[in-house]
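Participant: Dropping in upload34.txt, with compact mmCIF, C-alpha atoms and all ligand atoms.
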```txt
# COMPACT_ATOMS: atom_id res chain seq x y z
CA MET A 299 -25.22 -0.10 10.33
CA ASP A 300 -27.59 -0.22 7.34
CA SER A 301 -27.67 3.57 6.94
CA PHE A 302 -23.87 3.60 7.20
CA ILE A 303 -23.64 1.01 4.42
CA GLN A 304 -26.00 3.11 2.33
CA LYS A 305 -23.74 6.12 2.82
CA LEU A 306 -20.72 4.04 1.80
CA ARG A 307 -22.45 2.76 -1.30
CA SER A 308 -23.53 6.28 -2.25
CA PHE A 309 -19.84 7.27 -2.18
CA ASP A 310 -19.99 9.46 0.92
CA ARG A 311 -16.32 10.35 1.41
CA ALA A 312 -16.63 10.95 5.15
CA ALA A 313 -18.23 7.52 5.61
CA ILE A 314 -15.51 5.83 3.55
CA ALA A 315 -12.83 7.57 5.62
CA GLN A 316 -14.60 6.47 8.80
CA ALA A 317 -14.78 2.85 7.59
CA ILE A 318 -11.03 2.84 6.89
CA THR A 319 -10.37 4.28 10.34
CA LEU A 320 -12.37 1.38 11.82
CA ILE A 321 -10.42 -1.14 9.72
CA GLU A 322 -7.08 0.33 10.78
CA SER A 323 -8.01 0.78 14.44
CA LYS A 324 -6.31 -1.36 17.07
CA LYS A 325 -9.32 -1.05 19.42
CA GLU A 326 -11.20 -4.34 19.70
CA SER A 327 -14.63 -2.65 19.59
CA ASP A 328 -13.67 -0.91 16.32
CA GLN A 329 -12.39 -4.16 14.87
CA ASP A 330 -15.71 -5.84 15.76
CA LEU A 331 -17.54 -3.03 13.96
CA ALA A 332 -15.27 -3.47 10.94
CA ASP A 333 -16.02 -7.21 10.98
CA SER A 334 -19.78 -6.57 11.01
CA LEU A 335 -19.34 -4.10 8.18
CA PHE A 336 -17.60 -6.73 6.08
CA GLN A 337 -20.27 -9.26 6.96
CA LYS A 338 -22.70 -6.99 5.10
CA LEU A 339 -20.33 -6.16 2.24
CA LEU A 340 -18.90 -9.60 1.43
CA PRO A 341 -18.77 -11.52 -0.84
CA ILE A 342 -17.55 -8.92 -3.33
CA LYS A 343 -18.82 -9.22 -6.87
CA SER A 344 -16.99 -6.34 -8.53
CA THR A 345 -13.24 -6.23 -9.14
CA SER A 346 -10.86 -3.30 -9.10
CA PHE A 347 -7.56 -2.93 -10.90
CA VAL A 348 -4.88 -2.21 -8.30
CA ILE A 349 -1.84 -0.12 -9.27
CA GLY A 350 1.29 0.41 -7.16
CA VAL A 351 3.43 3.49 -7.80
CA THR A 352 6.93 3.46 -6.38
CA GLY A 353 10.25 5.27 -6.75
CA ALA A 354 12.83 7.18 -4.74
CA PRO A 355 11.70 10.21 -2.66
CA GLY A 356 10.96 13.19 -4.86
CA VAL A 357 10.77 11.35 -8.22
CA GLY A 358 7.29 12.75 -8.68
CA LYS A 359 5.01 9.89 -7.55
CA SER A 360 2.34 12.19 -6.11
CA CYS A 361 2.43 14.51 -9.13
CA PHE A 362 2.21 11.50 -11.47
CA ILE A 363 -0.76 10.05 -9.57
CA ASP A 364 -2.42 13.46 -9.75
CA VAL A 365 -2.32 13.72 -13.54
CA PHE A 366 -2.71 10.00 -14.23
CA GLY A 367 -5.63 9.66 -11.82
CA SER A 368 -7.29 12.77 -13.24
CA LYS A 369 -7.22 11.25 -16.72
CA LEU A 370 -8.83 8.06 -15.43
CA ALA A 371 -11.42 10.05 -13.50
CA VAL A 372 -12.39 11.91 -16.68
CA LEU A 373 -13.12 8.50 -18.22
CA ASN A 374 -15.79 8.24 -15.52
CA LYS A 375 -13.85 5.70 -13.50
CA LYS A 376 -14.05 5.61 -9.72
CA ILE A 377 -10.63 5.87 -8.19
CA ALA A 378 -9.29 5.35 -4.69
CA ILE A 379 -5.80 6.54 -3.80
CA LEU A 380 -3.78 5.38 -0.82
CA THR A 381 -0.92 7.79 -0.54
CA TYR A 382 1.52 8.76 2.12
CA ASP A 383 2.62 12.21 3.08
CA PRO A 384 6.17 12.58 4.33
CA SER A 385 5.39 16.07 5.65
CA SER A 386 2.80 14.67 8.07
CA THR A 387 5.54 12.86 10.03
CA VAL A 388 7.32 16.16 10.53
CA SER A 389 4.31 18.37 11.11
CA GLY A 390 2.43 15.78 13.17
CA GLY A 391 -0.40 15.03 10.81
CA SER A 392 -0.78 18.00 8.51
CA LEU A 393 -2.02 16.72 5.19
CA LEU A 394 -1.20 19.86 3.30
CA GLY A 395 1.70 18.31 1.40
CA ASP A 396 -0.13 15.75 -0.68
CA LYS A 397 -3.36 17.73 -0.76
CA THR A 398 -1.51 20.39 -2.73
CA ARG A 399 0.41 17.88 -4.84
CA MET A 400 -2.83 16.13 -5.77
CA MET A 401 -4.74 19.31 -6.40
CA HIS A 402 -6.46 18.27 -9.64
CA LEU A 403 -7.39 14.86 -8.37
CA SER A 404 -8.79 15.92 -5.01
CA GLN A 405 -11.38 18.08 -6.78
CA HIS A 406 -12.82 15.16 -8.74
CA LYS A 407 -16.13 13.74 -7.56
CA ASN A 408 -15.14 10.18 -8.55
CA VAL A 409 -11.98 10.21 -6.50
CA PHE A 410 -11.30 9.27 -2.91
CA ILE A 411 -7.85 10.05 -1.47
CA ARG A 412 -6.61 8.56 1.77
CA PRO A 413 -3.29 9.98 2.93
CA SER A 414 -1.53 8.03 5.64
CA PRO A 415 1.41 9.18 7.72
CA SER A 416 4.57 7.31 6.76
CA LYS A 417 5.55 6.81 10.39
CA SER A 418 3.29 3.84 11.09
CA THR A 419 2.88 2.54 7.59
CA LEU A 420 5.38 1.80 4.88
CA GLY A 421 4.14 4.03 2.13
CA GLY A 422 0.53 3.37 1.30
CA LEU A 423 1.02 -0.17 2.52
CA GLY A 424 0.07 -0.91 6.12
CA PRO A 425 -0.99 -3.98 8.08
CA ARG A 426 -4.63 -3.50 7.05
CA THR A 427 -4.16 -2.45 3.43
CA PHE A 428 -5.65 -5.68 2.15
CA GLU A 429 -8.91 -5.06 4.05
CA THR A 430 -8.99 -1.45 2.83
CA ILE A 431 -8.64 -2.72 -0.74
CA GLN A 432 -11.46 -5.19 -0.11
CA LEU A 433 -13.60 -2.27 1.08
CA PHE A 434 -12.81 -0.28 -2.09
CA GLN A 435 -13.63 -3.33 -4.21
CA ALA A 436 -16.91 -3.86 -2.41
CA LEU A 437 -17.81 -0.20 -3.04
CA GLY A 438 -17.20 -0.60 -6.76
CA PHE A 439 -14.03 1.43 -7.27
CA ASP A 440 -12.57 0.76 -10.73
CA TYR A 441 -8.97 1.64 -9.90
CA ILE A 442 -7.05 1.63 -6.64
CA ILE A 443 -3.69 3.42 -6.71
CA ILE A 444 -1.16 2.93 -3.93
CA GLU A 445 1.83 5.26 -3.54
CA SER A 446 4.74 3.62 -1.81
CA VAL A 447 8.00 4.80 -0.26
CA GLY A 448 9.98 2.05 -1.87
CA VAL A 449 11.73 0.24 0.93
CA GLY A 450 12.68 -3.40 1.38
CA GLN A 451 10.16 -6.11 2.12
CA SER A 452 7.11 -3.83 2.04
CA GLU A 453 7.98 -3.08 -1.55
CA ILE A 454 8.05 -6.72 -2.49
CA ASP A 455 4.78 -7.25 -0.60
CA LEU A 456 3.22 -4.41 -2.53
CA ALA A 457 4.44 -5.87 -5.81
CA SER A 458 2.61 -9.11 -5.11
CA LEU A 459 -0.53 -7.32 -3.99
CA VAL A 460 -1.05 -5.08 -7.00
CA ASP A 461 -2.08 -5.90 -10.57
CA CYS A 462 0.44 -3.46 -11.99
CA PHE A 463 3.56 -2.09 -10.36
CA ILE A 464 4.88 1.18 -11.82
CA LEU A 465 8.44 2.29 -11.07
CA LEU A 466 9.26 5.97 -11.57
CA LEU A 467 12.83 7.02 -12.32
CA VAL A 468 14.39 10.48 -12.50
CA PRO A 469 16.75 11.75 -15.18
CA GLY A 470 20.39 10.99 -14.41
CA GLY A 471 21.91 8.87 -11.70
CA GLY A 472 22.59 5.17 -11.48
CA ASP A 473 20.62 2.60 -9.50
CA ASP A 474 22.11 3.88 -6.23
CA LEU A 475 20.84 7.39 -6.84
CA GLN A 476 17.44 6.09 -7.84
CA GLY A 477 17.30 4.24 -4.53
CA LEU A 478 16.83 0.99 -6.40
CA LYS A 479 17.44 -2.00 -4.21
CA LYS A 480 17.90 -5.37 -5.79
CA GLY A 481 14.47 -6.79 -6.42
CA ILE A 482 12.36 -3.74 -7.16
CA LEU A 483 13.35 -3.68 -10.81
CA GLU A 484 12.65 -7.38 -10.95
CA PHE A 485 9.06 -6.91 -9.77
CA CYS A 486 7.97 -3.85 -11.72
CA ASP A 487 5.62 -4.01 -14.71
CA ILE A 488 6.12 -0.51 -16.17
CA LEU A 489 9.22 1.73 -16.09
CA LEU A 490 8.71 5.49 -16.44
CA VAL A 491 11.38 8.17 -16.58
CA ASN A 492 9.65 11.23 -15.12
CA LYS A 493 10.65 14.91 -15.38
CA ALA A 494 11.42 14.58 -19.09
CA ASP A 495 10.86 18.30 -19.58
CA ASN A 496 12.76 21.55 -20.10
CA ALA A 497 16.38 21.39 -18.94
CA LEU A 498 16.03 17.75 -17.83
CA ARG A 499 14.76 16.43 -21.17
CA ALA A 500 18.14 15.42 -22.63
CA MET A 501 19.22 13.74 -19.41
CA ALA A 502 15.87 11.90 -19.26
CA GLU A 503 16.49 10.54 -22.77
CA GLN A 504 19.92 9.31 -21.65
CA THR A 505 18.36 7.60 -18.60
CA MET A 506 15.77 5.97 -20.81
CA HIS A 507 18.60 4.71 -23.01
CA ASP A 508 20.39 3.33 -19.89
CA TYR A 509 17.32 1.31 -18.91
CA THR A 510 16.41 0.09 -22.42
CA TYR A 511 18.38 -3.12 -22.02
CA ILE A 512 16.69 -4.15 -18.77
CA ALA A 513 13.22 -3.20 -20.07
CA LYS A 514 13.76 -5.32 -23.18
CA ALA A 515 15.09 -8.24 -21.14
CA LYS A 516 12.06 -8.11 -18.87
CA LYS A 517 9.69 -7.36 -21.77
CA ILE A 518 8.16 -4.41 -19.94
CA PRO A 519 7.24 -0.96 -21.30
CA LEU A 520 9.64 1.94 -20.75
CA HIS A 521 8.45 5.51 -21.38
CA LEU A 522 9.44 9.11 -20.92
CA ILE A 523 6.87 11.22 -19.10
CA SER A 524 6.49 14.62 -17.50
CA ALA A 525 3.97 14.72 -14.68
CA LEU A 526 4.50 18.46 -14.44
CA GLU A 527 3.73 19.13 -18.08
CA ASN A 528 1.23 16.32 -18.47
CA GLN A 529 3.27 14.62 -21.19
CA GLY A 530 3.24 10.90 -22.03
CA ILE A 531 0.50 10.09 -19.52
CA ASP A 532 -1.93 8.90 -22.24
CA ASP A 533 0.59 6.21 -23.18
CA VAL A 534 0.52 4.94 -19.60
CA ILE A 535 -3.30 4.89 -19.61
CA ASP A 536 -3.21 2.81 -22.83
CA ILE A 537 -0.74 0.35 -21.29
CA ILE A 538 -2.80 -0.01 -18.13
CA LYS A 539 -5.96 -0.67 -20.13
CA GLN A 540 -4.21 -3.60 -21.83
CA GLN A 541 -2.80 -5.11 -18.64
CA LYS A 542 -4.30 -8.27 -17.24
CA PRO A 543 -4.82 -8.77 -13.51
CA LYS A 544 -1.85 -10.25 -11.66
CA ASN A 545 -1.39 -13.98 -11.45
CA GLN A 546 -3.21 -15.65 -8.59
CA LYS A 547 -0.15 -17.41 -7.18
CA LYS A 548 1.49 -14.15 -6.11
CA GLN A 549 -1.68 -12.98 -4.39
CA LYS A 550 -1.97 -16.30 -2.56
CA ASP A 551 1.57 -15.90 -1.23
CA PHE A 552 0.75 -12.39 -0.07
CA ILE A 553 -2.48 -13.43 1.63
CA ARG A 554 -0.62 -16.23 3.40
CA HIS A 555 1.97 -13.71 4.53
CA ILE A 556 -0.55 -11.24 5.95
CA LEU A 557 -2.57 -13.98 7.62
CA LEU A 558 0.55 -15.24 9.40
CA ALA A 559 1.44 -11.64 10.37
CA GLN A 560 -2.06 -11.10 11.81
CA MET A 561 -1.85 -14.41 13.72
CA MET A 562 1.45 -13.25 15.17
CA ASP A 563 -0.16 -9.96 16.29
CA CYS A 564 -2.97 -11.93 17.89
CA LEU A 565 -0.52 -14.15 19.83
CA ASP A 566 1.51 -11.10 20.83
CA LYS A 567 -1.59 -9.36 22.18
CA LYS A 568 -2.77 -12.48 24.02
CA ILE A 569 0.59 -12.84 25.76
CA SER A 570 0.85 -9.16 26.73
CA ASP A 571 -2.74 -9.05 28.02
CA ASP A 572 -2.45 -12.19 30.15
CA ASP A 573 -0.38 -11.78 33.36
CA VAL A 574 0.37 -15.50 33.74
CA LEU A 575 1.47 -15.89 30.13
CA SER A 576 3.52 -12.70 30.04
CA ASN A 577 5.38 -13.66 33.25
CA MET A 578 6.08 -17.07 31.82
CA PHE A 579 7.21 -15.52 28.55
CA ASN A 580 9.63 -13.16 30.29
CA LYS A 581 11.11 -16.06 32.27
CA TYR A 582 11.59 -18.01 29.05
CA ILE A 583 13.37 -15.04 27.50
CA LEU A 584 15.73 -14.90 30.50
CA SER A 585 16.40 -18.64 30.26
CA ILE A 586 17.29 -18.33 26.59
CA GLU A 587 19.48 -15.34 27.36
CA LYS A 588 21.32 -17.37 29.99
CA ASN A 589 21.62 -20.27 27.55
CA ALA A 590 19.59 -22.49 29.84
CA LEU A 591 17.07 -23.21 27.08
CA THR A 592 16.92 -22.95 23.30
CA PRO A 593 14.18 -20.96 21.51
CA HIS A 594 12.91 -24.20 20.01
CA GLN A 595 12.57 -25.87 23.43
CA VAL A 596 10.60 -22.85 24.61
CA LEU A 597 8.38 -22.97 21.57
CA LYS A 598 7.50 -26.63 22.20
CA ASP A 599 6.59 -25.86 25.78
CA PHE A 600 5.05 -22.39 25.48
CA LEU A 601 3.05 -22.45 22.23
CA PRO A 602 0.58 -25.16 23.39
CA LYS A 603 -0.05 -23.10 26.56
CA VAL A 604 -0.83 -19.97 24.51
CA ILE A 605 -3.06 -21.90 22.14
CA GLU A 606 -4.86 -23.50 25.07
CA SER A 607 -5.51 -20.09 26.62
CA LEU A 608 -6.80 -18.81 23.26
CA GLY A 609 -9.26 -21.71 23.29
CA ILE A 610 -10.42 -20.77 26.80
CA MET A 611 -10.84 -17.16 25.67
CA LYS A 612 -13.01 -18.27 22.73
CA LYS A 613 -15.23 -20.47 24.96
CA ASN A 614 -15.71 -17.62 27.46
CA ASN A 615 -16.68 -15.25 24.66
CA LEU A 616 -19.23 -17.68 23.32
CA SER A 617 -20.86 -18.49 26.65
N1 LIG A 701 10.47 19.22 -13.74
C1 LIG A 701 9.61 18.38 -13.21
N2 LIG A 701 9.42 18.37 -11.87
C2 LIG A 701 8.53 17.48 -11.37
C3 LIG A 701 7.81 16.57 -12.18
N3 LIG A 701 7.03 15.81 -11.39
C4 LIG A 701 7.24 16.21 -10.12
N4 LIG A 701 8.14 17.23 -10.10
C5 LIG A 701 8.61 17.97 -8.92
O1 LIG A 701 9.31 17.07 -8.08
C6 LIG A 701 9.04 17.37 -6.71
C7 LIG A 701 8.58 16.13 -5.98
O2 LIG A 701 7.33 15.73 -6.50
P1 LIG A 701 6.37 14.73 -5.73
O3 LIG A 701 5.26 14.37 -6.66
O4 LIG A 701 6.02 15.25 -4.41
O5 LIG A 701 7.35 13.49 -5.55
P2 LIG A 701 7.13 12.15 -4.69
O6 LIG A 701 7.86 11.08 -5.40
O7 LIG A 701 5.67 11.95 -4.44
O8 LIG A 701 7.87 12.54 -3.36
P3 LIG A 701 7.76 11.81 -1.94
O9 LIG A 701 6.31 11.50 -1.72
O10 LIG A 701 8.31 12.82 -1.01
O11 LIG A 701 8.63 10.58 -2.04
C8 LIG A 701 8.02 18.51 -6.71
O12 LIG A 701 8.69 19.72 -6.47
C9 LIG A 701 7.43 18.49 -8.10
O13 LIG A 701 7.02 19.75 -8.54
C10 LIG A 701 8.03 16.63 -13.61
O14 LIG A 701 7.45 15.90 -14.41
N5 LIG A 701 8.95 17.56 -14.03
MG MG A 702 4.59 11.70 -2.65
```
Once more with this new file: its structure as structure tokens, please.
Ligand SMILES: Nc1nc2c(ncn2[C@@H]2O[C@H](COP(=O)(O)OP(=O)(O)OP(=O)(O)O)[C@@H](O)[C@H]2O)c(=O)[nH]1
Ligand SMILES: [Mg+2]

Facilitator:
Amino acid sequence: MDSFIQKLRSFDRAAIAQAITLIESKKESDQDLADSLFQKLLPIKSTSFVIGVTGAPGVGKSCFIDVFGSKLAVLNKKIAILTYDPSSTVSGGSLLGDKTRMMHLSQHKNVFIRPSPSKSTLGGLGPRTFETIQLFQALGFDYIIIESVGVGQSEIDLASLVDCFILLLVPGGGDDLQGLKKGILEFCDILLVNKADNALRAMAEQTMHDYTYIAKAKKIPLHLISALENQGIDDVIDIIKQQKPKNQKKQKDFIRHILLAQMMDCLDKKISDDDVLSNMFNKYILSIEKNALTPHQVLKDFLPKVIESLGIMKKNNLS
């Protein structure tokens, strides 16, 4: 374990990838290893600035992260990217898509990129993202950038997790075309109209004009950029440098949310692994289906039994 930690601290990319695989693994032995790893790494003294990048498919999130991240890397900052690769769902794990889109960035020695297939995770955000961020923080990364697919609750979760939430827009199109659900605009900290180049420039200016009102009302920056032509990215770097870390209250809500979700997973696993409990559970489901019991009645009866069996499990493990 100590030599593994040394590798992690010396920024060995393969070791970092392996640690994330342990964190994300559903195997109990891997989770135990991840726990021992954190026992050595915590408490964390350094802090990282966490940035979420969202927007409809094809707005240019990966290209933006490539040029934006490269500029930060040149400033000698250590950067971790959690991205997702839509092509990997189709091709069954090929990472070619984002590897080519993040060509500049992937060559940088200060940069670690972790692509994740979008099938099991919602964008860069998965059930263990918080732990992965804690790992990056412990290893002294200055910036953590998370690319997200921009859907529903995961988007709102991401907004409360990150210090700065960047929403990318494309020239033309109303909110429907931009895939903007109610809420996302409310949570973002920076609005960028990407692809403001060549034939799209005039339309990008019009889109910027369309969003001026909302940006003013929310008192957030709104800029034109071109990820392709590397235009306007310095402005975004300047804004980020001035941003303060997110308020603690939002993080607390998020941590509460993920803790409850992990507790739910734990109960789910306990019930499925235990024959007696899973039989009982299935009978309860039938009774509710037949309107013989209400879910709340079942809860009052069943939950203490599950908790009791969790207690027995703990005692057996300790003895
Ligand atoms: N003209 C122009 N095209 C761009 C720009 N940025 C990205 N593109 C193009 O837009 C397409 C999509 O870019 P990506 O960076 O993959 O977009 P994305 O938002 O990451 O896409 P998904 O991950 O699939 O949601 C690519 O063909 C890029 O070349 C830009 O600033 N200008
Ligand atoms: Mg992308």

Participant: Pick out the closest residue to A:Val574 from this set: A:Phe428, A:Phe552, A:Tyr511, A:Phe600. Count all atoms listed in the file.

Facilitator: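 Closest candidate: A:Phe600.
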
Participant: Around all of ligand LIG 701 (chain A)'s listed atoms, make the axis-aligned box with 8 Å on each side and tell me centre and edge lengths in Å to one decimal, as lines of an AutoDock Vina configuration file.

Facilitator:
```
center_x = 7.9
center_y = 15.2
center_z = -7.7
size_x = 21.2
size_y = 25.2
size_z = 29.4
```

Participant: Which value, in Å to one decimal, gives the distance between atom CA of A:Ala513 and atom CA of A:Ile349?

Facilitator: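 Straight-line distance from atom CA of A:Ala513 to atom CA of A:Ile349 works out to 18.8 Å.
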
Participant: Compare A:Asn577, A:Gln549, A:Gln432, A:Thr352 by their minimum atom-to-atom distance to ligand MG 702 (chain A), counting all atoms listed in the file, and give me the closest one.

Facilitator: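 Using all atoms listed in the file, ligand MG 702 (chain A) sits closest to A:Thr352.
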
Participant: Tell me which residues come within 10 Å of (2.0, 7.5, -19.8), as a PyMOL selection string, counting all atoms listed in the file in the file's coordinates.

Facilitator: chain A and resi 362+365-366+488-492+520-525+528-538

Participant: As an exercise, work out the distance from atom CA of A:Leu466 to atom CA of A:Gly353 in Å and give it to one decimal place.

Facilitator: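 That distance, rounded to one decimal, is 5.0 Å.
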
Participant: Could you list, as a list in words, all the residues within 6 Å of ligand LIG 701 (chain A), counting all atoms listed in the file?

Facilitator: Pro355, Gly356, Val357, Gly358, Lys359, Ser360, Cys361, Pro384, Asn492, Lys493, Asp495, Ser524, Ala525 and Leu526 of chain A

Participant: Take the residues from that selection and write them out as a PDB file, keeping the file's coordinate frame, keeping C-alpha atoms.

Facilitator:
```pdb
ATOM      1  CA  PRO A 355      11.700  10.210  -2.660  1.00  0.00           C
ATOM      2  CA  GLY A 356      10.960  13.190  -4.860  1.00  0.00           C
ATOM      3  CA  VAL A 357      10.770  11.350  -8.220  1.00  0.00           C
ATOM      4  CA  GLY A 358       7.290  12.750  -8.680  1.00  0.00           C
ATOM      5  CA  LYS A 359       5.010   9.890  -7.550  1.00  0.00           C
ATOM      6  CA  SER A 360       2.340  12.190  -6.110  1.00  0.00           C
ATOM      7  CA  CYS A 361       2.430  14.510  -9.130  1.00  0.00           C
ATOM      8  CA  PRO A 384       6.170  12.580   4.330  1.00  0.00           C
ATOM      9  CA  ASN A 492       9.650  11.230 -15.120  1.00  0.00           C
ATOM     10  CA  LYS A 493      10.650  14.910 -15.380  1.00  0.00           C
ATOM     11  CA  ASP A 495      10.860  18.300 -19.580  1.00  0.00           C
ATOM     12  CA  SER A 524       6.490  14.620 -17.500  1.00  0.00           C
ATOM     13  CA  ALA A 525       3.970  14.720 -14.680  1.00  0.00           C
ATOM     14  CA  LEU A 526       4.500  18.460 -14.440  1.00  0.00           C
TER      15      LEU A 526
END
```

Participant: Quick check, in Å to one decimal: how far apart do atom CA of A:Ile454 and atom CA of A:Gly481 lie?

Facilitator: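 Separation between atom CA of A:Ile454 and atom CA of A:Gly481: 7.5 Å.
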